[in-house]
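First the structure, in the form of structure tokens, and then the observations on it.
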Amino acid sequence: MNNHVFTGDISTNKELIITPGAPIADVKRTLTSDVSEEIVKKGDCFAQEITDKFVSDFEKSTDQMVHVSTFVVIDDVVYMSYYANEKNPDENPQFQIARIVYAPVDDIDNKTFVDLQTIGDCVDGKTIDMVYDTILMQKDETTIYVMWTARTEENYYRFYCPFDTKKKELGKIEVNRFKVGETVNDFSVSGIKSALAENGIPCKKMYSDIGIMQKLSCREENNEKWYYSGTYSGDFTCLIKSKDLITWEYVSQPDFINDSKWENATYVLGDKVYYFVRQQDNNPCGFLTAYDLKNGTWEPAVEVNDCQSRSDFIFYQGNLYLFHAPISREYIGVIKIDTDNIQNSEIVLQAKMHTSCFYPFVQYYKDGELAMSYTVERKHIRLAKFTLSKYL
């Protein structure tokens with residue numbers, strides 16, 4: 001029986017095709033941050049509600065840096081993931097820890113901290129020398145997969161570890177898999193490149209670490225439930241899907257020349273996957289598009305003023321909304337997506353928050369309403385409740 005965590009990449013003599021990145025030539029519409037007084041007033045109310053409905057901070061007292069949150073509520077227990085640095089205040093993967101925290105909704109200060117991996121740990125005989133993005137995904141009623149990026153032997157991998165929410169126990173650390181066509185590799189920088197090259201699929205320039213976006217949405221295909229998300233490394237961003245949250249299959253990537261970089265928010269509804277991604281630092285906009293799963297076509301882009309930060313979709317009361325950072329990471333913008341024609345999407349509110357609000361993640365909390373986790377100045381992982389219907 002093979003108990004090895006890592007597998008070798010498929011051998012291929014095909015070269016990886018690198019496609020260019022550049023500003024989008026054909027933009028159908030631009031949503032700017034120059035908004036009406038009504039939208040600003042709604043934003044003011046939203047910012048105040050986030051302050052008033054503070055739930056808790058989830059970092060340890062010994063943490064000097066924390067970032068990138070995901071949460072889920074299961075059986076009235078909040079589970080939160082992020083990465084932390086206890087050595088110094090830098091966002092530096094050479095010092096970071098992958099972690100989850102959990103606490104009862106009604107006893108939120110009674111937190112339990114679980115560290116999954118840090119520098120110097122060994123997996124299958126390989127030593128970890130960098131740890132980065134840490135997320136969680138709910139697999140079923142009793143299982144969470146904690147998922148994170150770590151580097152060993154100069155190669156970044158996506159790791160996962162099951163957590164039993166009944167027993168409050170961790171399982172074995174394993175490596176996610178990346179599938180393109182019939183090619184299956186470890187979900188790593190080299191594995192992605194090898195699988196794409198073998199199948200003749202071009203990609204934009206990859207560099208540094210790799211990530212998977214934490215928001216899950218699902219679709220039934222051939223009587224099977226498939227989960228959709230996005231993955232990224234540097235300028236390369238694409239759609240992925242999985243039946244088990246372990247092996248992730250390549251779906252597609254925007255087919256028009258664009259300026260994409262890093263995180264790509266995704267959400268599948270019916271036969272379309274809605275897609276928003278930040279762009280290069282000198283570009284004032286991210287872009288919104290949608291992929292038709294039946295026709296295999298991408299819609300022309302709608303650009304949105306954005307400070308190039310991480311964004312998130314949420315489906316709420318029959319409509320799809322995008323949360324993003326329109327001006328800086330001290331702002332939150334909410335856009336209602338027109339799922340029939342994304343060019344008709346409209347800004348709901350634009351809020352100057354009372355603190356920095358890095359990388360908002362929006363999820364259902366209790367009683368059918370929402371909460372948002374976010375990073376405050378890389379010092380706090382914060383959770384706050386709000387009622388989105390008040391602004392609609």
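Ligands are numbered from 1 in the order shown, residues from 1 within each chain, and chains are lettered A, B, ... in the order they appear in the structure tokens.
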Near-Lys390 (chain A) list (10 Å; only C-alpha atoms; drop same-chain fewer than 4 positions) as a PDB file with C-alpha atoms, in the first residue's frame:
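Okay, this is what ended up in result-v3.pdb:
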```
ATOM      1  CA  LYS A  42     -25.984  53.372   2.421  1.00  0.00           C
ATOM      2  CA  CYS A  45     -24.857  52.822   7.450  1.00  0.00           C
ATOM      3  CA  PHE A  46     -23.134  49.577   6.457  1.00  0.00           C
ATOM      4  CA  PHE A 386     -24.804  42.546   9.137  1.00  0.00           C
TER       5      PHE A 386
END
```
Find the residues near region 63-79 of chain A: any atom within 6 Å, counting only C-alpha atoms, skip ones fewer than 6 places away on the same chain, and give them as a list in words.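 Listing them by chain and then by number gives Asn85, Glu86, Asn88, Pro89, Val101, Tyr102, Ala103, Pro104, Val105, Ile135, Thr375, Arg378 and Lys379 of chain A.
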With distances taken over only C-alpha atoms, which of A:Tyr331, A:Tyr316, A:Tyr291, A:Tyr374 is nearest to Leu392 (chain A)? A:Tyr316
From A:Glu15, A:Asp124, A:Asp34, A:Glu369, residue lying nearest Ile327 (chain A) [only C-alpha atoms]: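 Of all the options, A:Asp34 lies closest to Ile327 (chain A).
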Would you please give, as a list in words, all residues of region 48-155 of chain A that DSSP assigns to alpha helix (DSSP H) based on the backbone?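 Filtering region 48-155 of chain A to alpha helix (DSSP H) leaves Gln48, Glu49, Ile50, Thr51 and Asp52 of chain A.
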I need the residues from that last selection saved to file as a PDB file, in the first residue's frame (with C-alpha atoms), if you can.
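Written file, result08.pdb:
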```
ATOM      1  CA  GLN A  48     -21.582  51.614  11.220  1.00  0.00           C
ATOM      2  CA  GLU A  49     -23.436  48.288  11.315  1.00  0.00           C
ATOM      3  CA  ILE A  50     -20.172  46.357  10.902  1.00  0.00           C
ATOM      4  CA  THR A  51     -18.787  48.297  13.879  1.00  0.00           C
ATOM      5  CA  ASP A  52     -21.935  47.869  15.979  1.00  0.00           C
TER       6      ASP A  52
END
```
Would you mind listing, for every residue of region 326-388 of chain A within 12 Å of region 259-265 of chain A, the two atoms forming the shortest contact and the distance between them in Å to one decimal, using only C-alpha atoms, sorted by chain and ascending residue number, as a tab-separated table?
```
residue	atom	partner	partner_atom	distance
A:Tyr359	CA	A:Glu263	CA	10.2
A:Pro360	CA	A:Ala265	CA	11.4
A:Phe361	CA	A:Ala265	CA	10.5
A:Val362	CA	A:Ala265	CA	11.9
```
For those residues, write N, CA and C atoms to a file as a CSV table (one decimal), in the first residue's frame.
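again_35.csv was written with the following content:
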```csv
chain,number,residue,atom,x,y,z
A,359,TYR,N,-9.5,42.0,2.5
A,359,TYR,CA,-9.9,40.6,2.0
A,359,TYR,C,-11.2,40.2,2.7
A,360,PRO,N,-12.3,40.9,2.5
A,360,PRO,CA,-13.6,40.4,3.1
A,360,PRO,C,-14.0,39.1,2.6
A,361,PHE,N,-14.5,38.3,3.5
A,361,PHE,CA,-15.1,37.0,3.2
A,361,PHE,C,-16.5,36.9,3.8
A,362,VAL,N,-17.5,36.7,2.9
A,362,VAL,CA,-18.9,36.8,3.4
A,362,VAL,C,-19.6,35.4,3.4
```
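Candidate residues A:Gln350, A:Asn13, A:Ser208, A:Arg382 were compared for distance to Val35 (chain A), and the nearest is A:Gln350, using only C-alpha atoms.
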For region 344-349 of chain A, find every residue with an atom within 6 Å (counting only C-alpha atoms), except residues of its own chain fewer than 5 positions away, and show them as an MDAnalysis selection string. chainID A and resid 39 42:43 333:338
Write out as an mmCIF file with N, CA and C atoms, in the first residue's frame the set of residues from region 95-242 of chain A that DSSP, computed on the backbone, places in strand (DSSP E).
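In the end it all went to states.cif:
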```
data_model
loop_
_atom_site.group_PDB
_atom_site.id
_atom_site.type_symbol
_atom_site.label_atom_id
_atom_site.label_comp_id
_atom_site.auth_asym_id
_atom_site.auth_seq_id
_atom_site.Cartn_x
_atom_site.Cartn_y
_atom_site.Cartn_z
ATOM 1 N N GLN A 96 5.383 31.821 8.880
ATOM 2 C CA GLN A 96 3.937 31.742 9.059
ATOM 3 C C GLN A 96 3.439 30.350 9.472
ATOM 4 N N ILE A 97 2.234 30.355 10.056
ATOM 5 C CA ILE A 97 1.575 29.162 10.571
ATOM 6 C C ILE A 97 0.199 29.054 9.932
ATOM 7 N N ALA A 98 -0.191 27.870 9.477
ATOM 8 C CA ALA A 98 -1.552 27.609 9.020
ATOM 9 C C ALA A 98 -2.392 27.204 10.225
ATOM 10 N N ARG A 99 -3.571 27.850 10.400
ATOM 11 C CA ARG A 99 -4.315 27.656 11.648
ATOM 12 C C ARG A 99 -5.822 27.680 11.416
ATOM 13 N N ILE A 100 -6.547 26.930 12.258
ATOM 14 C CA ILE A 100 -7.986 27.122 12.422
ATOM 15 C C ILE A 100 -8.277 27.408 13.894
ATOM 16 N N VAL A 101 -9.402 28.087 14.117
ATOM 17 C CA VAL A 101 -9.892 28.409 15.457
ATOM 18 C C VAL A 101 -11.374 28.064 15.471
ATOM 19 N N TYR A 102 -11.870 27.547 16.591
ATOM 20 C CA TYR A 102 -13.314 27.342 16.677
ATOM 21 C C TYR A 102 -13.820 27.745 18.050
ATOM 22 N N ALA A 103 -15.108 28.148 18.047
ATOM 23 C CA ALA A 103 -15.747 28.604 19.284
ATOM 24 C C ALA A 103 -17.255 28.516 19.116
ATOM 25 N N PRO A 104 -18.000 28.215 20.180
ATOM 26 C CA PRO A 104 -19.460 28.225 20.106
ATOM 27 C C PRO A 104 -19.979 29.638 19.808
ATOM 28 N N THR A 112 -10.768 27.655 20.749
ATOM 29 C CA THR A 112 -9.738 26.621 20.684
ATOM 30 C C THR A 112 -8.919 26.847 19.428
ATOM 31 N N PHE A 113 -7.594 26.910 19.570
ATOM 32 C CA PHE A 113 -6.687 27.178 18.450
ATOM 33 C C PHE A 113 -5.995 25.881 18.035
ATOM 34 N N VAL A 114 -5.981 25.627 16.728
ATOM 35 C CA VAL A 114 -5.354 24.417 16.205
ATOM 36 C C VAL A 114 -4.385 24.822 15.098
ATOM 37 N N ASP A 115 -3.097 24.653 15.328
ATOM 38 C CA ASP A 115 -2.077 24.928 14.317
ATOM 39 C C ASP A 115 -1.827 23.663 13.499
ATOM 40 N N LEU A 116 -1.843 23.816 12.174
ATOM 41 C CA LEU A 116 -1.713 22.651 11.309
ATOM 42 C C LEU A 116 -0.305 22.458 10.762
ATOM 43 N N GLN A 117 0.333 23.557 10.417
ATOM 44 C CA GLN A 117 1.675 23.409 9.827
ATOM 45 C C GLN A 117 2.437 24.715 9.971
ATOM 46 N N THR A 118 3.735 24.594 10.194
ATOM 47 C CA THR A 118 4.591 25.765 10.237
ATOM 48 C C THR A 118 5.971 25.392 9.712
ATOM 49 N N CYS A 122 7.820 18.435 8.852
ATOM 50 C CA CYS A 122 8.137 17.483 7.789
ATOM 51 C C CYS A 122 6.875 16.786 7.317
ATOM 52 N N VAL A 123 6.752 16.637 6.009
ATOM 53 C CA VAL A 123 5.659 15.888 5.392
ATOM 54 C C VAL A 123 6.275 14.897 4.422
ATOM 55 N N LYS A 126 9.806 15.470 3.567
ATOM 56 C CA LYS A 126 10.189 16.768 3.009
ATOM 57 C C LYS A 126 9.934 17.863 4.043
ATOM 58 N N THR A 127 10.871 18.796 4.160
ATOM 59 C CA THR A 127 10.779 19.855 5.159
ATOM 60 C C THR A 127 10.102 21.089 4.590
ATOM 61 N N MET A 130 8.136 27.314 3.791
ATOM 62 C CA MET A 130 7.266 28.477 3.669
ATOM 63 C C MET A 130 5.814 28.028 3.816
ATOM 64 N N VAL A 131 4.992 28.863 4.461
ATOM 65 C CA VAL A 131 3.554 28.609 4.605
ATOM 66 C C VAL A 131 2.805 29.874 4.204
ATOM 67 N N TYR A 132 1.705 29.681 3.444
ATOM 68 C CA TYR A 132 0.977 30.854 2.975
ATOM 69 C C TYR A 132 -0.533 30.638 3.086
ATOM 70 N N ASP A 133 -1.306 31.089 2.077
ATOM 71 C CA ASP A 133 -2.768 31.170 2.159
ATOM 72 C C ASP A 133 -3.398 29.937 2.793
ATOM 73 N N THR A 134 -4.251 30.169 3.794
ATOM 74 C CA THR A 134 -4.940 29.105 4.527
ATOM 75 C C THR A 134 -6.442 29.369 4.480
ATOM 76 N N ILE A 135 -7.195 28.382 4.014
ATOM 77 C CA ILE A 135 -8.648 28.504 3.903
ATOM 78 C C ILE A 135 -9.288 27.253 4.496
ATOM 79 N N LEU A 136 -10.616 27.235 4.550
ATOM 80 C CA LEU A 136 -11.319 26.009 4.913
ATOM 81 C C LEU A 136 -12.532 25.851 4.012
ATOM 82 N N MET A 137 -12.925 24.595 3.812
ATOM 83 C CA MET A 137 -14.106 24.260 3.029
ATOM 84 C C MET A 137 -14.882 23.176 3.763
ATOM 85 N N GLN A 138 -16.201 23.325 3.816
ATOM 86 C CA GLN A 138 -17.030 22.316 4.467
ATOM 87 C C GLN A 138 -17.331 21.197 3.478
ATOM 88 N N LYS A 139 -16.895 19.985 3.809
ATOM 89 C CA LYS A 139 -17.112 18.832 2.932
ATOM 90 C C LYS A 139 -18.492 18.215 3.164
ATOM 91 N N ASP A 140 -18.862 18.036 4.432
ATOM 92 C CA ASP A 140 -20.167 17.472 4.762
ATOM 93 C C ASP A 140 -20.549 17.943 6.165
ATOM 94 N N THR A 143 -17.401 17.226 8.506
ATOM 95 C CA THR A 143 -16.018 17.326 8.050
ATOM 96 C C THR A 143 -15.723 18.666 7.405
ATOM 97 N N ILE A 144 -14.668 19.288 7.878
ATOM 98 C CA ILE A 144 -14.085 20.469 7.253
ATOM 99 C C ILE A 144 -12.748 20.049 6.656
ATOM 100 N N TYR A 145 -12.441 20.571 5.479
ATOM 101 C CA TYR A 145 -11.083 20.455 4.944
ATOM 102 C C TYR A 145 -10.385 21.795 5.156
ATOM 103 N N VAL A 146 -9.333 21.779 5.926
ATOM 104 C CA VAL A 146 -8.467 22.956 6.029
ATOM 105 C C VAL A 146 -7.438 22.829 4.912
ATOM 106 N N MET A 147 -7.241 23.900 4.149
ATOM 107 C CA MET A 147 -6.403 23.848 2.950
ATOM 108 C C MET A 147 -5.444 25.032 2.962
ATOM 109 N N TRP A 148 -4.197 24.806 2.601
ATOM 110 C CA TRP A 148 -3.221 25.885 2.645
ATOM 111 C C TRP A 148 -2.102 25.642 1.642
ATOM 112 N N THR A 149 -1.323 26.685 1.419
ATOM 113 C CA THR A 149 -0.156 26.633 0.539
ATOM 114 C C THR A 149 1.099 26.518 1.379
ATOM 115 N N ALA A 150 2.013 25.648 0.971
ATOM 116 C CA ALA A 150 3.319 25.559 1.636
ATOM 117 C C ALA A 150 4.368 25.155 0.609
ATOM 118 N N ARG A 151 5.597 25.546 0.885
ATOM 119 C CA ARG A 151 6.691 25.246 -0.038
ATOM 120 C C ARG A 151 7.649 24.239 0.577
ATOM 121 N N THR A 152 8.091 23.326 -0.249
ATOM 122 C CA THR A 152 9.171 22.412 0.114
ATOM 123 C C THR A 152 9.986 22.110 -1.129
ATOM 124 N N ASN A 155 9.291 24.137 -4.327
ATOM 125 C CA ASN A 155 8.033 23.977 -5.049
ATOM 126 C C ASN A 155 6.869 24.235 -4.092
ATOM 127 N N TYR A 156 5.951 25.138 -4.480
ATOM 128 C CA TYR A 156 4.756 25.386 -3.694
ATOM 129 C C TYR A 156 3.701 24.308 -3.969
ATOM 130 N N TYR A 157 3.073 23.812 -2.898
ATOM 131 C CA TYR A 157 2.009 22.816 -2.989
ATOM 132 C C TYR A 157 0.760 23.348 -2.295
ATOM 133 N N ARG A 158 -0.401 22.769 -2.673
ATOM 134 C CA ARG A 158 -1.633 22.965 -1.922
ATOM 135 C C ARG A 158 -1.863 21.721 -1.068
ATOM 136 N N PHE A 159 -1.856 21.922 0.256
ATOM 137 C CA PHE A 159 -2.095 20.847 1.211
ATOM 138 C C PHE A 159 -3.530 20.924 1.734
ATOM 139 N N TYR A 160 -4.032 19.784 2.217
ATOM 140 C CA TYR A 160 -5.315 19.780 2.907
ATOM 141 C C TYR A 160 -5.250 18.814 4.078
ATOM 142 N N CYS A 161 -6.120 19.055 5.056
ATOM 143 C CA CYS A 161 -6.206 18.179 6.218
ATOM 144 C C CYS A 161 -7.654 18.159 6.688
ATOM 145 N N PRO A 162 -8.276 16.978 6.802
ATOM 146 C CA PRO A 162 -9.652 16.926 7.304
ATOM 147 C C PRO A 162 -9.709 17.212 8.799
ATOM 148 N N PHE A 163 -10.794 17.853 9.212
ATOM 149 C CA PHE A 163 -11.045 18.115 10.624
ATOM 150 C C PHE A 163 -12.447 17.634 10.948
ATOM 151 N N ASP A 164 -12.555 16.704 11.899
ATOM 152 C CA ASP A 164 -13.827 16.137 12.308
ATOM 153 C C ASP A 164 -14.488 17.088 13.300
ATOM 154 N N GLU A 169 -11.125 16.525 15.874
ATOM 155 C CA GLU A 169 -9.836 15.880 15.624
ATOM 156 C C GLU A 169 -9.382 16.131 14.186
ATOM 157 N N LEU A 170 -8.065 16.306 14.035
ATOM 158 C CA LEU A 170 -7.454 16.430 12.714
ATOM 159 C C LEU A 170 -7.163 15.055 12.126
ATOM 160 N N GLU A 174 -2.449 15.798 3.607
ATOM 161 C CA GLU A 174 -2.254 15.272 2.257
ATOM 162 C C GLU A 174 -2.069 16.433 1.283
ATOM 163 N N VAL A 175 -1.814 16.099 0.014
ATOM 164 C CA VAL A 175 -1.652 17.096 -1.040
ATOM 165 C C VAL A 175 -2.847 17.030 -1.986
ATOM 166 N N ARG A 177 -4.793 17.484 -5.586
ATOM 167 C CA ARG A 177 -4.397 17.059 -6.926
ATOM 168 C C ARG A 177 -4.998 18.016 -7.956
ATOM 169 N N PHE A 178 -4.281 18.164 -9.073
ATOM 170 C CA PHE A 178 -4.682 19.065 -10.149
ATOM 171 C C PHE A 178 -4.817 18.252 -11.426
ATOM 172 N N LYS A 179 -6.012 18.281 -12.034
ATOM 173 C CA LYS A 179 -6.297 17.440 -13.203
ATOM 174 C C LYS A 179 -6.607 18.301 -14.417
ATOM 175 N N VAL A 180 -5.958 17.965 -15.533
ATOM 176 C CA VAL A 180 -6.256 18.590 -16.823
ATOM 177 C C VAL A 180 -6.434 17.458 -17.824
ATOM 178 N N THR A 183 -4.661 14.016 -17.366
ATOM 179 C CA THR A 183 -3.420 14.199 -16.626
ATOM 180 C C THR A 183 -3.725 14.623 -15.196
ATOM 181 N N VAL A 184 -3.173 13.905 -14.220
ATOM 182 C CA VAL A 184 -3.373 14.232 -12.810
ATOM 183 C C VAL A 184 -2.014 14.357 -12.137
ATOM 184 N N ASN A 185 -1.729 15.528 -11.593
ATOM 185 C CA ASN A 185 -0.489 15.794 -10.878
ATOM 186 C C ASN A 185 -0.806 16.256 -9.461
ATOM 187 N N ASP A 186 0.226 16.365 -8.633
ATOM 188 C CA ASP A 186 0.061 17.087 -7.376
ATOM 189 C C ASP A 186 -0.342 18.526 -7.697
ATOM 190 N N GLY A 211 -2.766 29.590 -5.052
ATOM 191 C CA GLY A 211 -3.896 29.668 -4.142
ATOM 192 C C GLY A 211 -5.143 29.042 -4.716
ATOM 193 N N ILE A 212 -6.071 28.691 -3.827
ATOM 194 C CA ILE A 212 -7.426 28.298 -4.184
ATOM 195 C C ILE A 212 -8.361 29.253 -3.452
ATOM 196 N N SER A 217 -19.298 27.146 -4.577
ATOM 197 C CA SER A 217 -20.640 27.122 -5.141
ATOM 198 C C SER A 217 -20.746 25.819 -5.918
ATOM 199 N N CYS A 218 -21.959 25.316 -6.123
ATOM 200 C CA CYS A 218 -22.051 23.959 -6.674
ATOM 201 C C CYS A 218 -23.067 23.868 -7.801
ATOM 202 N N ARG A 219 -22.927 22.808 -8.564
ATOM 203 C CA ARG A 219 -23.765 22.559 -9.741
ATOM 204 C C ARG A 219 -23.863 21.053 -9.930
ATOM 205 N N GLU A 220 -25.042 20.571 -10.332
ATOM 206 C CA GLU A 220 -25.204 19.148 -10.616
ATOM 207 C C GLU A 220 -24.856 18.878 -12.069
ATOM 208 N N GLU A 221 -23.964 17.908 -12.268
ATOM 209 C CA GLU A 221 -23.541 17.522 -13.615
ATOM 210 C C GLU A 221 -23.557 16.000 -13.696
ATOM 211 N N GLU A 224 -24.175 14.219 -10.510
ATOM 212 C CA GLU A 224 -23.122 14.339 -9.499
ATOM 213 C C GLU A 224 -22.988 15.803 -9.087
ATOM 214 N N LYS A 225 -22.674 16.014 -7.826
ATOM 215 C CA LYS A 225 -22.502 17.367 -7.311
ATOM 216 C C LYS A 225 -21.052 17.801 -7.505
ATOM 217 N N TRP A 226 -20.869 18.908 -8.214
ATOM 218 C CA TRP A 226 -19.539 19.467 -8.457
ATOM 219 C C TRP A 226 -19.426 20.822 -7.769
ATOM 220 N N TYR A 227 -18.286 21.032 -7.110
ATOM 221 C CA TYR A 227 -17.989 22.299 -6.457
ATOM 222 C C TYR A 227 -17.063 23.121 -7.353
ATOM 223 N N TYR A 228 -17.371 24.415 -7.466
ATOM 224 C CA TYR A 228 -16.557 25.306 -8.291
ATOM 225 C C TYR A 228 -15.778 26.282 -7.413
ATOM 226 N N SER A 229 -14.589 26.630 -7.879
ATOM 227 C CA SER A 229 -13.767 27.643 -7.225
ATOM 228 C C SER A 229 -12.820 28.213 -8.267
ATOM 229 N N GLY A 230 -11.857 28.989 -7.811
ATOM 230 C CA GLY A 230 -10.841 29.545 -8.695
ATOM 231 C C GLY A 230 -9.466 29.262 -8.135
ATOM 232 N N THR A 231 -8.487 29.176 -9.000
ATOM 233 C CA THR A 231 -7.103 29.033 -8.560
ATOM 234 C C THR A 231 -6.241 30.048 -9.291
ATOM 235 N N TYR A 232 -5.068 30.337 -8.723
ATOM 236 C CA TYR A 232 -4.247 31.411 -9.259
ATOM 237 C C TYR A 232 -2.788 31.226 -8.846
ATOM 238 N N SER A 233 -1.912 31.770 -9.651
ATOM 239 C CA SER A 233 -0.499 31.949 -9.308
ATOM 240 C C SER A 233 0.029 33.076 -10.169
ATOM 241 N N PHE A 236 -1.578 34.116 -13.724
ATOM 242 C CA PHE A 236 -2.430 33.023 -14.175
ATOM 243 C C PHE A 236 -3.611 32.837 -13.229
ATOM 244 N N THR A 237 -4.823 32.895 -13.779
ATOM 245 C CA THR A 237 -6.028 32.639 -13.000
ATOM 246 C C THR A 237 -6.967 31.776 -13.833
ATOM 247 N N CYS A 238 -7.649 30.824 -13.199
ATOM 248 C CA CYS A 238 -8.551 29.964 -13.957
ATOM 249 C C CYS A 238 -9.658 29.413 -13.065
ATOM 250 N N LEU A 239 -10.680 28.845 -13.694
ATOM 251 C CA LEU A 239 -11.756 28.139 -13.021
ATOM 252 C C LEU A 239 -11.356 26.691 -12.766
ATOM 253 N N ILE A 240 -11.734 26.169 -11.599
ATOM 254 C CA ILE A 240 -11.529 24.766 -11.283
ATOM 255 C C ILE A 240 -12.803 24.207 -10.658
ATOM 256 N N LYS A 241 -12.943 22.877 -10.696
ATOM 257 C CA LYS A 241 -14.093 22.229 -10.067
ATOM 258 C C LYS A 241 -13.649 20.898 -9.466
ATOM 259 N N SER A 242 -14.442 20.410 -8.507
ATOM 260 C CA SER A 242 -14.084 19.185 -7.805
ATOM 261 C C SER A 242 -15.341 18.492 -7.296
#
```
